[in-house]
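Since the structure comes first, as structure tokens, the remarks are kept for the end.
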Amino acid sequence: MKTTSQFQIMTETPVPALISRLALPAITSMMITNIYNMADTAFIGTLGNSASGAVGIVFGLMALIQSIGFLFGQGSGSIISRSLGKKDETNASTIASMGFFFSFCLGLLFTIFGLIFLQPLIMFLGSTETIAPYAKCYGIFILATAPFLASSFTLNNILRFEGKAFFGMIGLSSGAILNIAGDALFIFVFKMGITGAGLSTAISMTVSFGILISSFLRRKTICKISIKNLRFNSDHAKKALDIIFTGSPSLFRQGLSSIATIVLNQQAAYWGLAAVNNADAAVAAMSIVNRIFFFIFSISVGVGQGYQPVCGFNYGAQKTKRLRQAFWFTTILAQALMLFSGAIVFIFAPHIVRLFRDDALVAKLAAYSLRVHCIGILFLPLGMTIDMTMQSTGRKIQGILVSSFRSGIIFIPVILIMGHLRGLYGILESQPVTFMISLLPSGLFGLNYFRYLKKIDSIKNY
């Protein structure tokens, strides 16, 4: 009855109301999480430029761990929504169990090897010699809780694709709010510096994981996560490969984004030293811009996350007309929200930046880059919706390519080229330029996919 009821909700509720209802908790949790990220940046910014730069370095580390969670979360979630669209609850539970245990175990391996090779890892992520001590203090706590961080993102994605985004919102938001309070307590009251920020993050990650897993343990979901759902046979091996290949666009997107962040930090340090004789200021500026930018973009991503389960369910149920309607509603809504929020940040960019680091050089560089990002962000919603459509409907190769364009395939060459053309300011402009360029190939993939949907409609009508 629970499965049938959820099927009717996902395939019969008017699309605008359904996506809005599913997007609201996703937007809320992402905004609260990003408010934490910005508060964390502001708190650590009081410790100096080197500490601020460490936030950007550890951000790349967290993105690598999160890529594990997104790989198994998006991979299993896409299959789950399509399985539930076909009313196959047994397969959905099997896939959910595999996604969770794989992400937790891979996160554990990340902890072991990350702690062993901490120093070279931090330097590889783009740290300077002066930033490294701060990045190591912060990063050690992130690595210690990598299994909880990775599997939390997997659990949140499973909840979203099942249509239970509210439970995911509670888990992620609770952790973020706790983290903000912990930062203030450990940094300012106990005077623990960046070590306090790391400890606060570790505690909040663990609590967030506990809340998310409790949704499954308390039987609030359709999918059942249990070790009993795992089998060592050829059928489950095929399911595991399906999860990995379906989630690979997220892995490529997050992985390439991490690599691009490393290249961006390295190039910012290089050109910052060459242009203003201050590598740490340039890395700190990019760290601040990325945190603010991801806060704005999280609104659009939240809308897209509300769209994904609708897309998967209706594709599984072969309701292609609803899928197309959902696609355009998501794109238009995300575009409108980006235009509104981007305009506000563009106008008040210098004042917003000063909240994070009251340093004249850092503020100047960050405010310029932030305003360019506000222009570039307008080119993101359509490409984002195409990317999510490919992944939610199991178009693996297309999904990998579309997600890789702005994350690395185009972004990394643009960083290197813009640096040589315009020096430090080229680095500050490189990401928005990538958004503009990557829209064209993404749009071509989207056009081809809609032609594919028309063929499905023709066969059904025939």
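Each chain in the structure tokens gets a letter, A, B and so on, in the order shown; residues start at 1 in every chain, and ligands are counted from 1 in the order they appear.
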Any idea what's packed within 10 Å of Ile213 (chain A), counting only C-alpha atoms, ignoring anything in its chain fewer than 5 positions away? Could you give it as a count of residues only? 11
For Cys137 (chain A), list every protein, DNA or RNA residue within 10 Å, evaluated using only C-alpha atoms, and leave out those in the same chain fewer than 6 positions away; present the list as a ChimeraX atom specification. /A:54,58,193-199
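Comparing the minimum interatomic distances between Gln6 (chain A) and each of A:Ser442, A:Thr221, A:Asn37, A:Thr28, counting only C-alpha atoms, we find that A:Thr221 sits nearest.
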Taking only region 204-274 of chain A into account, list the residues labelled helix (DSSP H, G or I) by DSSP (computed from the backbone), as a PyMOL selection string. chain A and resi 204-217+227-229+234-274
Quick one: residues within 7 Å of region 339-355 of chain A, only C-alpha atoms, excluding same-chain residues fewer than 3 positions away - as a CSV table (one decimal) with N, CA, C and O atoms, in the first residue's frame?
chain,number,residue,atom,x,y,z
A,42,ALA,N,33.7,32.4,7.4
A,42,ALA,CA,33.8,33.7,8.2
A,42,ALA,C,34.5,33.5,9.5
A,42,ALA,O,35.3,34.3,9.9
A,296,ILE,N,24.5,30.3,-3.7
A,296,ILE,CA,23.6,30.8,-4.7
A,296,ILE,C,23.1,29.6,-5.6
A,296,ILE,O,21.9,29.4,-5.8
A,335,GLN,N,16.0,29.0,-13.5
A,335,GLN,CA,16.6,30.2,-14.2
A,335,GLN,C,16.1,31.5,-13.5
A,335,GLN,O,16.8,32.4,-13.3
A,336,ALA,N,14.8,31.5,-13.2
A,336,ALA,CA,14.2,32.7,-12.5
A,336,ALA,C,14.9,32.9,-11.1
A,336,ALA,O,15.2,34.1,-10.8
A,358,ASP,N,38.0,40.6,6.3
A,358,ASP,CA,38.2,42.0,6.3
A,358,ASP,C,39.7,42.4,5.9
A,358,ASP,O,40.4,42.9,6.7
A,363,ALA,N,39.4,41.2,-0.3
A,363,ALA,CA,38.1,41.7,-0.6
A,363,ALA,C,38.0,42.2,-2.1
A,363,ALA,O,37.0,41.9,-2.8
A,366,ALA,N,38.1,39.0,-4.4
A,366,ALA,CA,36.9,38.2,-4.3
A,366,ALA,C,35.7,38.9,-4.8
A,366,ALA,O,34.8,38.3,-5.5
A,367,ALA,N,35.5,40.2,-4.6
A,367,ALA,CA,34.3,40.9,-5.1
A,367,ALA,C,34.3,41.0,-6.6
A,367,ALA,O,33.2,40.8,-7.2
A,370,LEU,N,33.4,37.4,-7.8
A,370,LEU,CA,32.0,37.1,-7.4
A,370,LEU,C,31.0,37.7,-8.4
A,370,LEU,O,30.0,37.1,-8.8
A,371,ARG,N,31.3,38.9,-8.8
A,371,ARG,CA,30.4,39.6,-9.8
A,371,ARG,C,30.4,38.9,-11.1
A,371,ARG,O,29.4,38.8,-11.8
A,374,CYS,N,28.3,35.9,-10.9
A,374,CYS,CA,26.9,36.2,-11.0
A,374,CYS,C,26.4,36.3,-12.4
A,374,CYS,O,25.2,36.0,-12.7
A,378,LEU,N,24.0,32.4,-14.8
A,378,LEU,CA,22.8,32.4,-15.6
A,378,LEU,C,22.8,31.4,-16.7
A,378,LEU,O,21.8,31.0,-17.3
Mind checking which residues fall within 10 Å of region 268-277 of chain A, counting only C-alpha atoms, ignoring those fewer than 6 positions away in the same chain, and posting them as a count of residues only? 21
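If only C-alpha atoms are the atoms counted, then among A:Ile211, A:Val362, A:Ile375, A:Ile400 the closest residue to Thr246 (chain A) is A:Ile400.
Comparing A:Cys223, A:Leu444, A:Ala260, A:Ala150 by their smallest distance to Lys87 (chain A), the closest is A:Cys223 (using only C-alpha atoms).
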Would you mind telling me which residue in A:Ala360, A:Ala240, A:Ile44, A:Ile79 lies nearest to Ile158 (chain A) when using only C-alpha atoms? A:Ile79
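Picture a line from CA of Ser67 (chain A) to CA of Ser403 (chain A); it runs 12.7 Å.
Note that CA of Leu61 (chain A) and CA of Ile116 (chain A) are 14.6 Å apart.
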